[in-house]
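Engineer: Below is coords.tsv; it holds TSV, C-alpha atoms.
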```
chain	number	residue	atom	x	y	z
A	1	MET	CA	-39.06	-34.88	56.38
A	2	LEU	CA	-41.92	-33.16	58.21
A	3	GLU	CA	-42.78	-36.40	60.01
A	4	LYS	CA	-39.21	-36.59	61.36
A	5	LEU	CA	-39.33	-32.93	62.42
A	6	ASN	CA	-42.64	-33.48	64.23
A	7	GLN	CA	-41.11	-36.44	66.09
A	8	LEU	CA	-38.20	-34.28	67.22
A	9	GLU	CA	-40.55	-31.59	68.49
A	10	ASP	CA	-42.49	-34.25	70.41
A	11	GLU	CA	-39.24	-35.50	71.95
A	12	TYR	CA	-38.30	-31.95	72.95
A	13	ARG	CA	-41.68	-31.41	74.66
A	14	ASP	CA	-41.32	-34.74	76.47
A	15	LEU	CA	-37.89	-33.66	77.68
A	16	GLU	CA	-39.31	-30.39	79.01
A	17	ALA	CA	-41.95	-32.30	80.94
A	18	SER	CA	-39.44	-34.81	82.29
A	19	LEU	CA	-37.05	-32.11	83.49
A	20	ALA	CA	-39.90	-30.57	85.50
A	21	ASP	CA	-40.78	-33.93	87.08
A	22	PRO	CA	-39.67	-34.20	90.75
A	23	ALA	CA	-38.96	-37.91	90.25
A	24	VAL	CA	-36.40	-37.07	87.54
A	25	LEU	CA	-34.89	-34.28	89.63
A	26	SER	CA	-34.16	-36.81	92.37
A	27	GLU	CA	-32.14	-39.00	89.96
A	28	GLN	CA	-29.03	-36.92	89.34
A	29	SER	CA	-27.52	-39.04	86.56
A	30	ARG	CA	-30.80	-39.24	84.64
A	31	TYR	CA	-31.43	-35.52	85.11
A	32	GLN	CA	-27.96	-34.67	83.77
A	33	ARG	CA	-28.44	-36.97	80.75
A	34	LEU	CA	-31.84	-35.46	79.89
A	35	SER	CA	-30.54	-31.91	80.47
A	36	ARG	CA	-27.65	-32.53	78.09
A	37	ARG	CA	-29.99	-33.87	75.41
A	38	TYR	CA	-32.39	-30.94	75.94
A	39	ALA	CA	-29.55	-28.43	75.52
A	40	GLU	CA	-28.27	-30.23	72.42
A	41	MET	CA	-31.70	-30.03	70.77
A	42	GLY	CA	-32.28	-26.33	71.46
A	43	SER	CA	-30.86	-24.82	68.27
A	44	LEU	CA	-32.32	-27.63	66.12
A	45	ILE	CA	-35.84	-27.13	67.51
A	46	GLU	CA	-35.55	-23.38	66.99
A	47	LEU	CA	-34.65	-23.97	63.33
A	48	ILE	CA	-37.47	-26.52	62.91
A	49	ARG	CA	-40.01	-24.02	64.20
A	50	ARG	CA	-38.71	-21.27	61.93
A	51	TYR	CA	-38.82	-23.67	58.98
A	52	LYS	CA	-42.42	-24.79	59.68
A	53	LYS	CA	-43.48	-21.16	60.17
A	54	ALA	CA	-41.92	-20.29	56.79
A	55	LEU	CA	-43.86	-23.13	55.13
A	56	GLU	CA	-47.10	-21.86	56.68
A	57	ASP	CA	-46.34	-18.30	55.56
A	58	LEU	CA	-45.58	-19.55	52.04
A	59	GLU	CA	-48.88	-21.39	51.84
A	60	GLY	CA	-50.73	-18.32	53.08
A	61	ALA	CA	-48.93	-15.98	50.66
A	62	ARG	CA	-49.65	-18.26	47.70
A	63	SER	CA	-53.37	-18.20	48.55
A	64	LEU	CA	-53.32	-14.40	48.26
A	65	MET	CA	-51.33	-14.10	45.01
A	66	PHE	CA	-54.44	-13.43	42.94
A	67	ASP	CA	-56.15	-11.16	45.45
A	68	PRO	CA	-56.79	-7.73	43.83
A	69	GLU	CA	-55.54	-5.82	46.86
A	70	MET	CA	-52.88	-8.12	48.33
A	71	GLY	CA	-51.62	-9.83	45.19
A	72	GLU	CA	-48.44	-7.83	44.64
A	73	VAL	CA	-47.40	-8.01	48.30
A	74	ALA	CA	-48.13	-11.74	48.34
A	75	LYS	CA	-46.07	-12.35	45.20
A	76	ALA	CA	-43.09	-10.57	46.74
A	77	GLU	CA	-43.44	-12.62	49.94
A	78	VAL	CA	-43.69	-15.86	47.93
A	79	ALA	CA	-40.50	-15.00	46.05
A	80	GLU	CA	-38.67	-14.19	49.29
A	81	LEU	CA	-39.80	-17.39	51.04
A	82	GLU	CA	-39.09	-19.62	48.05
A	83	ALA	CA	-35.53	-18.28	48.07
A	84	ARG	CA	-35.10	-18.71	51.84
A	85	ILE	CA	-36.69	-22.10	52.49
A	86	PRO	CA	-34.16	-24.23	50.49
A	87	ALA	CA	-31.32	-22.77	52.57
A	88	MET	CA	-33.19	-23.69	55.75
A	89	GLU	CA	-33.74	-27.22	54.42
A	90	GLN	CA	-30.05	-27.57	53.71
A	91	GLU	CA	-29.21	-26.39	57.22
A	92	LEU	CA	-31.69	-28.91	58.64
A	93	GLU	CA	-30.10	-31.71	56.61
A	94	VAL	CA	-26.75	-30.91	58.17
A	95	MET	CA	-28.16	-30.73	61.70
A	96	LEU	CA	-30.00	-34.04	61.23
A	97	LEU	CA	-26.89	-35.94	60.15
A	98	PRO	CA	-26.19	-38.95	62.40
A	99	LYS	CA	-24.01	-37.91	65.32
A	100	ASP	CA	-21.08	-39.99	66.46
A	101	PRO	CA	-22.01	-41.01	70.03
A	102	ALA	CA	-18.32	-40.80	70.96
A	103	ASP	CA	-18.28	-37.05	70.26
A	104	ASP	CA	-19.63	-36.27	73.73
A	105	LYS	CA	-16.88	-38.20	75.52
A	106	ASN	CA	-13.66	-36.96	77.09
A	107	ALA	CA	-10.60	-37.27	74.86
A	108	ILE	CA	-7.21	-38.88	75.37
A	109	ILE	CA	-4.55	-37.38	73.11
A	110	GLU	CA	-1.23	-39.08	72.40
A	111	ILE	CA	1.54	-37.18	70.63
A	112	ARG	CA	4.77	-38.85	69.50
A	113	ALA	CA	7.85	-37.48	67.76
A	114	GLY	CA	8.12	-38.92	64.23
A	115	THR	CA	10.75	-38.36	61.55
A	116	GLY	CA	13.40	-35.74	62.35
A	117	GLY	CA	15.24	-36.66	65.54
A	118	GLU	CA	15.48	-33.97	68.20
A	119	GLU	CA	13.67	-31.43	66.02
A	120	ALA	CA	10.68	-33.81	65.79
A	121	ALA	CA	10.62	-33.99	69.59
A	122	LEU	CA	10.68	-30.19	69.84
A	123	PHE	CA	7.83	-30.02	67.33
A	124	ALA	CA	5.88	-32.60	69.35
A	125	ARG	CA	6.22	-30.28	72.34
A	126	ASP	CA	4.91	-27.37	70.23
A	127	LEU	CA	1.87	-29.44	69.21
A	128	TYR	CA	1.23	-30.39	72.82
A	129	GLU	CA	1.36	-26.75	73.94
A	130	MET	CA	-0.85	-25.72	71.00
A	131	LEU	CA	-3.57	-28.23	71.88
A	132	LEU	CA	-3.27	-27.46	75.57
A	133	ARG	CA	-3.88	-23.75	74.91
A	134	TYR	CA	-6.85	-24.55	72.66
A	135	ALA	CA	-8.39	-26.81	75.31
A	136	GLN	CA	-8.00	-24.08	77.93
A	137	LYS	CA	-9.60	-21.47	75.65
A	138	LEU	CA	-12.61	-23.75	75.21
A	139	GLY	CA	-12.93	-24.30	78.95
A	140	PHE	CA	-11.84	-27.94	79.04
A	141	GLN	CA	-9.83	-29.39	81.93
A	142	THR	CA	-6.59	-31.18	81.04
A	143	GLU	CA	-4.42	-33.70	82.86
A	144	ILE	CA	-1.07	-35.16	81.81
A	145	LEU	CA	-1.02	-38.96	81.79
A	146	ASP	CA	2.50	-39.78	80.60
A	147	THR	CA	5.53	-37.87	79.27
A	148	GLN	CA	8.94	-38.78	77.90
A	149	LEU	CA	11.26	-35.77	77.75
A	150	THR	CA	14.40	-35.44	75.64
A	151	ASP	CA	17.66	-33.82	76.70
A	152	LEU	CA	16.88	-30.58	74.79
A	153	GLY	CA	13.42	-30.20	76.28
A	154	GLY	CA	11.45	-31.86	73.50
A	155	LEU	CA	8.89	-34.60	73.91
A	156	SER	CA	9.45	-38.02	72.41
A	157	LYS	CA	5.97	-38.88	73.71
A	158	VAL	CA	3.20	-37.24	75.71
A	159	SER	CA	-0.29	-38.45	76.61
A	160	PHE	CA	-2.88	-36.20	78.20
A	161	GLU	CA	-6.57	-36.19	78.93
A	162	VAL	CA	-9.05	-33.48	77.89
A	163	ASN	CA	-12.10	-33.53	80.17
A	164	GLY	CA	-15.45	-31.98	79.37
A	165	PRO	CA	-18.61	-32.71	77.36
A	166	GLY	CA	-17.79	-32.82	73.63
A	167	ALA	CA	-14.00	-32.96	74.02
A	168	TYR	CA	-13.56	-35.87	71.60
A	169	GLY	CA	-15.85	-34.23	69.03
A	170	VAL	CA	-13.60	-31.16	69.09
A	171	PHE	CA	-10.16	-32.76	69.06
A	172	LYS	CA	-10.77	-35.77	66.79
A	173	TYR	CA	-9.77	-33.64	63.79
A	174	GLU	CA	-6.19	-33.52	65.11
A	175	SER	CA	-5.60	-37.24	64.52
A	176	GLY	CA	-2.88	-37.91	61.96
A	177	VAL	CA	0.63	-36.91	60.98
A	178	HIS	CA	1.62	-33.26	61.42
A	179	ARG	CA	4.59	-31.95	59.44
A	180	VAL	CA	6.75	-28.92	60.19
A	181	GLN	CA	9.09	-27.03	57.85
A	182	ARG	CA	11.44	-24.63	59.65
A	183	VAL	CA	15.03	-23.91	60.65
A	184	PRO	CA	15.51	-25.95	63.84
A	185	ALA	CA	17.14	-24.52	66.93
A	186	THR	CA	19.73	-27.28	66.52
A	187	GLU	CA	20.63	-26.17	62.94
A	188	THR	CA	23.86	-24.17	62.60
A	189	GLN	CA	23.78	-23.67	58.81
A	190	GLY	CA	20.36	-21.97	58.64
A	191	ARG	CA	18.85	-24.75	56.55
A	192	ILE	CA	15.13	-25.55	56.58
A	193	HIS	CA	14.37	-29.04	57.88
A	194	THR	CA	11.21	-31.14	57.57
A	195	SER	CA	10.10	-33.14	60.60
A	196	THR	CA	6.93	-34.89	61.71
A	197	ALA	CA	4.98	-35.76	64.83
A	198	THR	CA	2.00	-38.09	65.09
A	199	VAL	CA	-1.21	-37.38	66.98
A	200	ALA	CA	-3.80	-39.98	68.00
A	201	VAL	CA	-7.06	-38.85	69.59
A	202	LEU	CA	-9.05	-41.47	71.47
A	203	ALA	CA	-12.56	-41.25	72.92
A	204	GLU	CA	-12.20	-42.02	76.62
A	205	ALA	CA	-13.79	-45.39	77.34
A	206	GLU	CA	-15.54	-46.30	80.55
A	207	GLU	CA	-15.82	-49.78	82.02
A	208	VAL	CA	-19.29	-50.19	80.51
A	209	ASP	CA	-17.83	-49.52	77.04
A	210	VAL	CA	-15.06	-52.13	77.18
A	211	LYS	CA	-14.81	-55.11	79.52
A	212	ILE	CA	-11.25	-56.27	80.28
A	213	ASP	CA	-10.54	-59.64	81.81
A	214	PRO	CA	-8.02	-59.14	84.68
A	215	ALA	CA	-6.39	-62.42	83.61
A	216	ASP	CA	-5.45	-60.71	80.31
A	217	LEU	CA	-3.36	-58.07	82.10
A	218	GLU	CA	0.22	-58.06	83.29
A	219	ILE	CA	0.84	-55.05	85.54
A	220	THR	CA	4.30	-53.99	86.69
A	221	VAL	CA	5.33	-51.05	88.86
A	222	SER	CA	8.59	-49.12	89.15
A	223	ARG	CA	9.98	-45.81	90.29
A	224	ALA	CA	9.32	-42.90	87.96
A	225	SER	CA	12.38	-41.09	86.62
A	226	GLY	CA	13.13	-38.02	84.53
A	227	PRO	CA	15.66	-37.22	81.78
A	228	GLY	CA	19.17	-38.44	82.51
A	229	GLY	CA	17.93	-40.82	85.21
A	230	GLN	CA	17.01	-38.08	87.68
A	231	GLY	CA	14.59	-39.49	90.25
A	232	VAL	CA	11.12	-37.99	90.22
A	233	ASN	CA	9.98	-39.75	93.36
A	234	THR	CA	11.14	-42.43	95.72
A	235	THR	CA	8.10	-44.71	95.64
A	236	ASP	CA	7.10	-47.40	93.17
A	237	SER	CA	4.34	-45.30	91.56
A	238	ALA	CA	5.02	-45.72	87.82
A	239	VAL	CA	2.67	-48.30	86.31
A	240	GLN	CA	3.00	-50.31	83.09
A	241	VAL	CA	0.11	-52.43	81.83
A	242	LEU	CA	0.51	-55.17	79.20
A	243	HIS	CA	-2.67	-56.39	77.50
A	244	LYS	CA	-1.69	-59.94	76.57
A	245	PRO	CA	-4.26	-60.61	73.79
A	246	THR	CA	-3.17	-57.57	71.76
A	247	GLY	CA	0.37	-57.03	73.04
A	248	MET	CA	-0.57	-53.43	73.75
A	249	ILE	CA	1.51	-51.69	76.44
A	250	VAL	CA	0.38	-48.61	78.36
A	251	SER	CA	2.45	-46.74	80.93
A	252	CYS	CA	1.52	-43.94	83.30
A	253	MET	CA	3.79	-42.25	85.83
A	254	GLU	CA	2.65	-38.64	86.21
A	255	SER	CA	0.96	-39.08	89.58
A	256	ARG	CA	2.78	-39.95	92.81
A	257	SER	CA	-0.10	-42.34	93.50
A	258	GLN	CA	0.34	-45.86	92.15
A	259	ILE	CA	-3.43	-46.41	92.37
A	260	LYS	CA	-4.19	-43.32	90.30
A	261	ASN	CA	-1.55	-44.20	87.70
A	262	ARG	CA	-3.02	-47.69	87.46
A	263	GLU	CA	-6.54	-46.29	86.93
A	264	LYS	CA	-5.31	-43.90	84.25
A	265	ALA	CA	-3.33	-46.62	82.47
A	266	LEU	CA	-6.42	-48.84	82.37
A	267	THR	CA	-8.49	-45.92	81.06
A	268	ILE	CA	-6.01	-45.43	78.21
A	269	LEU	CA	-6.04	-49.16	77.48
A	270	ARG	CA	-9.84	-49.29	77.40
A	271	SER	CA	-9.89	-46.25	75.13
A	272	ARG	CA	-7.47	-47.87	72.67
A	273	LEU	CA	-9.48	-51.08	72.68
A	274	LEU	CA	-12.70	-49.12	72.13
A	275	GLU	CA	-11.11	-47.36	69.16
A	276	ILE	CA	-10.17	-50.71	67.65
A	277	LYS	CA	-13.70	-51.96	68.23
A	278	ARG	CA	-15.16	-48.87	66.54
A	279	ALA	CA	-12.76	-49.36	63.64
A	280	GLU	CA	-13.88	-52.96	63.17
A	281	GLU	CA	-17.50	-51.82	63.13
A	282	ALA	CA	-16.81	-49.02	60.64
A	283	ALA	CA	-13.48	-49.74	58.96
A	284	LYS	CA	-14.24	-47.45	56.03
A	285	LEU	CA	-14.09	-44.46	58.37
A	286	ARG	CA	-10.46	-45.30	59.22
A	287	GLU	CA	-11.05	-44.63	62.90
A	288	ASN	CA	-8.59	-47.11	64.33
A	289	ARG	CA	-5.51	-45.80	66.07
A	290	LEU	CA	-3.05	-47.24	63.54
A	291	ALA	CA	-4.88	-45.48	60.72
A	292	GLN	CA	-4.76	-42.25	62.69
A	293	ILE	CA	-1.05	-42.14	63.36
A	294	GLY	CA	0.26	-44.12	60.37
A	295	THR	CA	3.97	-44.77	60.39
A	296	GLY	CA	5.17	-41.21	60.94
A	297	GLU	CA	6.57	-40.87	57.41
A	298	ARG	CA	6.46	-37.41	55.84
A	299	SER	CA	4.12	-38.52	53.03
A	300	GLU	CA	1.30	-39.46	55.45
A	301	LYS	CA	0.49	-35.93	56.52
A	302	ILE	CA	-2.77	-34.21	57.38
A	303	ARG	CA	-1.26	-30.78	58.01
A	304	THR	CA	1.93	-28.83	57.29
A	305	TYR	CA	3.26	-25.99	59.46
A	306	ASN	CA	5.45	-23.85	57.18
A	307	PHE	CA	7.37	-21.35	59.32
A	308	PRO	CA	9.23	-19.50	56.52
A	309	GLN	CA	5.88	-18.69	54.87
A	310	SER	CA	4.00	-18.30	58.19
A	311	ARG	CA	1.32	-20.64	56.90
A	312	VAL	CA	-0.52	-23.75	58.08
A	313	THR	CA	-1.94	-25.96	55.32
A	314	ASP	CA	-4.50	-28.62	56.16
A	315	HIS	CA	-4.36	-31.18	53.35
A	316	ARG	CA	-7.89	-32.46	54.00
A	317	LEU	CA	-9.37	-29.12	52.93
A	318	GLU	CA	-9.67	-27.39	49.58
A	319	GLY	CA	-9.76	-23.84	48.27
A	320	GLU	CA	-9.68	-20.89	50.66
A	321	ASP	CA	-10.31	-23.13	53.68
A	322	LYS	CA	-7.01	-24.95	53.16
A	323	ASN	CA	-4.52	-22.31	54.39
A	324	HIS	CA	-4.45	-20.59	57.78
A	325	ASP	CA	-2.20	-18.20	59.68
A	326	LEU	CA	0.62	-20.09	61.37
A	327	HIS	CA	0.93	-17.96	64.50
A	328	THR	CA	-2.82	-18.04	65.12
A	329	VAL	CA	-2.92	-21.85	64.96
A	330	ILE	CA	0.32	-22.48	66.87
A	331	GLY	CA	-0.90	-19.94	69.44
A	332	GLY	CA	-3.78	-22.28	70.24
A	333	ASP	CA	-6.66	-20.78	68.23
A	334	LEU	CA	-7.88	-23.62	66.02
A	335	SER	CA	-11.53	-22.49	65.95
A	336	GLU	CA	-11.53	-21.31	62.32
A	337	LEU	CA	-9.61	-24.36	61.12
A	338	HIS	CA	-11.87	-26.77	63.00
A	339	ALA	CA	-14.99	-25.02	61.68
A	340	ALA	CA	-13.74	-25.62	58.13
A	341	LEU	CA	-13.00	-29.28	58.94
A	342	ARG	CA	-16.46	-29.80	60.46
A	343	LYS	CA	-18.08	-28.23	57.41
A	344	ALA	CA	-16.08	-30.45	55.03
A	345	ASP	CA	-16.95	-33.49	57.15
A	346	GLN	CA	-20.66	-32.66	57.01
A	347	GLU	CA	-20.52	-32.14	53.24
A	348	ARG	CA	-18.88	-35.55	52.80
A	349	GLN	CA	-21.57	-37.17	54.94
A	350	LEU	CA	-24.31	-35.51	52.89
A	351	GLU	CA	-22.69	-36.73	49.67
A	352	THR	CA	-22.54	-40.27	51.07
A	353	LEU	CA	-26.22	-40.17	52.07
A	354	THR	CA	-27.18	-38.83	48.63
A	355	GLU	CA	-25.24	-41.60	46.90
A	356	ARG	CA	-27.03	-44.24	49.01
A	357	VAL	CA	-30.40	-42.78	48.13
```
Reformat the file's structure so that it appears as structure tokens.
Structural biologist:
Amino acid sequence: MLEKLNQLEDEYRDLEASLADPAVLSEQSRYQRLSRRYAEMGSLIELIRRYKKALEDLEGARSLMFDPEMGEVAKAEVAELEARIPAMEQELEVMLLPKDPADDKNAIIEIRAGTGGEEAALFARDLYEMLLRYAQKLGFQTEILDTQLTDLGGLSKVSFEVNGPGAYGVFKYESGVHRVQRVPATETQGRIHTSTATVAVLAEAEEVDVKIDPADLEITVSRASGPGGQGVNTTDSAVQVLHKPTGMIVSCMESRSQIKNREKALTILRSRLLEIKRAEEAAKLRENRLAQIGTGERSEKIRTYNFPQSRVTDHRLEGEDKNHDLHTVIGGDLSELHAALRKADQERQLETLTERV
């Protein structure tokens, strides 16, 4: 492992030199890419240096264990370092796990009402507001791409973009079926209902990621409208894109600009196609969109929001990490829950690597 750590330190020093090079400073895109990599490596390099220093200290302490004057102090230092170094090695193993290159991308999040009628649409709205608040707390910028409102103010569908470095890496854990157990506002008998909403999180694809043949597209425009047929604008700005090879349809109508809606619709289409491509390359990770959202049935759940018990249960976690405070999560603070999911994900990756070895 030391050879790998030395290579990383060499890369970090090369980055430092490059970032001080006037030629690099003049190339904005290259400078930003190197700066991002340099920032990403900071905490890892700090840990590597602490780890190597601990190994040096251990070697030095062991050489003094039988010294008449320093022996007892050296033995105590050896015991302390031998207890500390394995924990540092474990932390390094986690930090050296292969990173999904899509994690740094912007995210496109699609939420749809599942089982439960109007209550499912109201729950979909709650999920949208929850994720919107979380994005804002983390400093991400958000933009609505498409919405379909219901008569009672719910959302049968909403798509929105989360912009900022690392957005996909943060929100990818929300992909799946979310289930709610509560007394709906539409319930007159006070009975608890169970409803679902599905969430798909896509890494935003750029043109370099997915090439689309214009001949494969059928693009239509119309006037955007709201619930009950109320006109939103009087121009043909709503855009619908059909991708003929897959039959995939994407619509976007939030902007009054037809050009902007067209660009956003194509971005969503590219992102869906990229997700399918990633799924074909790594099917065992179940990354494709269909695997994320399933069919919307209650049994295909990743998380349950139990209002009577004020508890959120994430079914991918175990033990104490599984249950969280409902009002904290619904209020848009998913930091503790996501930390537990990242930890579980890293542990699974480590187990997989161990099995391969």
Engineer: Go through A:Val239, A:Lys105, A:Val177, A:Glu280 and flag the residue nearest A:Arg316, using all atoms listed in the file for the distances.
Structural biologist: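 With all atoms listed in the file as the atom set, the closest residue is A:Val177.
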Engineer: Give me the residues within 9 Å of stretch 320-326 of chain A as a VMD selection string, counting all atoms listed in the file and dropping any in the same chain fewer than 3 places off.
Structural biologist: chain A and resid 305 to 307 309 to 317 329 to 331 336 to 337 340 to 341
Engineer: What is the atom CA of A:Val170-atom CA of A:Gln90 distance in Å, reported with one decimal?
Structural biologist: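 These atoms are spaced 22.8 Å apart.
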Engineer: Stretch 201-205 of chain A: which residues within 9 Å, counting all atoms listed in the file, same-chain residues fewer than 5 positions away excluded, as a PyMOL selection string?
Structural biologist: chain A and resi 102-111+161+167-169+171-176+210+267-275+289+292
Engineer: Report the distance between atom CA of A:Ser18 and atom CA of A:Met95 in Å, rounded to one decimal place.
Structural biologist: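 Separation of atom CA of A:Ser18 and atom CA of A:Met95: 23.8 Å.
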Engineer: Which residue, A:Thr220, A:Gln32, A:Thr328, A:Gln346, has the smallest gap to A:Met130 when you use all atoms listed in the file?
Structural biologist: A:Thr328
Engineer: Using only C-alpha atoms, which protein or nucleic acid residues come within 12 Å of A:Ala20? Drop anything in the same chain fewer than 5 positions from it, and give the result as a CSV table (one decimal) with C-alpha atoms, in the frame of the given file.
Structural biologist:
```csv
chain,number,residue,atom,x,y,z
A,13,ARG,CA,-41.7,-31.4,74.7
A,14,ASP,CA,-41.3,-34.7,76.5
A,15,LEU,CA,-37.9,-33.7,77.7
A,25,LEU,CA,-34.9,-34.3,89.6
A,26,SER,CA,-34.2,-36.8,92.4
A,31,TYR,CA,-31.4,-35.5,85.1
A,34,LEU,CA,-31.8,-35.5,79.9
A,35,SER,CA,-30.5,-31.9,80.5
```
Engineer: Place a sphere of radius 12 Å on (0.4, -25.5, 77.4) in the file coordinates and name every protein, DNA or RNA residue with an atom inside or on its surface, counting all atoms listed in the file; give the answer as a PyMOL selection string.
Structural biologist: chain A and resi 125-137+141-144+160+330-332
Engineer: Looking at only C-alpha atoms, which of A:Val73, A:Val180, A:Met88, A:Val78 is the one that sits closest to A:Ile48?
Structural biologist: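 Closest residue, counting only C-alpha atoms: A:Met88.
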Engineer: If you measure from atom CA of A:Ile259 to atom CA of A:Asp213, what distance in Å do you get, rounded to one decimal?
Structural biologist: 18.4 Å
Engineer: Nearest to A:Ser195: which of A:Glu89, A:Glu218, A:Asp151, A:Glu118 is it, counting all atoms listed in the file?
Structural biologist: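 Ranking A:Glu89, A:Glu218, A:Asp151, A:Glu118 by distance to A:Ser195, first place goes to A:Glu118.
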Engineer: For each of A:Lys99, A:Arg303, A:Lys4, A:Arg256, take the minimum atom-to-atom distance to A:Arg179, counting all atoms listed in the file, then give the residue where this is smallest.
Structural biologist: A:Arg303
Engineer: When you count all atoms listed in the file, which of these residues is closest to A:Ala238: A:Asp146, A:Glu351, A:Glu69, A:Glu46?
Structural biologist: A:Asp146
Engineer: Neighbours of A:Ile85 within 9 Å (all atoms listed in the file; same-chain residues fewer than 5 positions away dropped), as a list in words?
Structural biologist: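 Using all atoms listed in the file, the neighbours found are Tyr51, Ala54, Leu55, Glu80 and Gln90 of chain A.
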Engineer: Mind completing stretch 124-135 of chain A with N, CA, C and O atoms? Output as a CSV table (one decimal), in the coordinates of the input, please?
Structural biologist:
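This went into part.csv:
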```csv
chain,number,residue,atom,x,y,z
A,124,ALA,N,6.9,-31.9,68.6
A,124,ALA,CA,5.9,-32.6,69.4
A,124,ALA,C,5.5,-31.8,70.6
A,124,ALA,O,4.3,-31.7,71.0
A,125,ARG,N,6.5,-31.2,71.2
A,125,ARG,CA,6.2,-30.3,72.3
A,125,ARG,C,5.4,-29.1,71.9
A,125,ARG,O,4.4,-28.7,72.6
A,126,ASP,N,5.7,-28.5,70.7
A,126,ASP,CA,4.9,-27.4,70.2
A,126,ASP,C,3.5,-27.8,70.0
A,126,ASP,O,2.5,-27.0,70.3
A,127,LEU,N,3.2,-29.0,69.4
A,127,LEU,CA,1.9,-29.4,69.2
A,127,LEU,C,1.1,-29.6,70.5
A,127,LEU,O,0.0,-29.3,70.7
A,128,TYR,N,1.8,-30.2,71.5
A,128,TYR,CA,1.2,-30.4,72.8
A,128,TYR,C,0.8,-29.1,73.4
A,128,TYR,O,-0.3,-28.9,73.9
A,129,GLU,N,1.7,-28.1,73.4
A,129,GLU,CA,1.4,-26.8,73.9
A,129,GLU,C,0.2,-26.1,73.2
A,129,GLU,O,-0.6,-25.4,73.7
A,130,MET,N,0.2,-26.3,71.8
A,130,MET,CA,-0.8,-25.7,71.0
A,130,MET,C,-2.2,-26.3,71.4
A,130,MET,O,-3.2,-25.5,71.6
A,131,LEU,N,-2.3,-27.6,71.5
A,131,LEU,CA,-3.6,-28.2,71.9
A,131,LEU,C,-4.0,-27.9,73.3
A,131,LEU,O,-5.2,-27.8,73.6
A,132,LEU,N,-3.0,-27.8,74.2
A,132,LEU,CA,-3.3,-27.5,75.6
A,132,LEU,C,-3.9,-26.1,75.6
A,132,LEU,O,-4.9,-25.8,76.4
A,133,ARG,N,-3.3,-25.1,74.9
A,133,ARG,CA,-3.9,-23.8,74.9
A,133,ARG,C,-5.3,-23.7,74.3
A,133,ARG,O,-6.2,-23.0,74.8
A,134,TYR,N,-5.5,-24.5,73.3
A,134,TYR,CA,-6.8,-24.6,72.7
A,134,TYR,C,-7.9,-25.1,73.6
A,134,TYR,O,-9.0,-24.6,73.8
A,135,ALA,N,-7.5,-26.2,74.3
A,135,ALA,CA,-8.4,-26.8,75.3
A,135,ALA,C,-8.8,-25.8,76.4
A,135,ALA,O,-9.9,-25.7,76.8
```
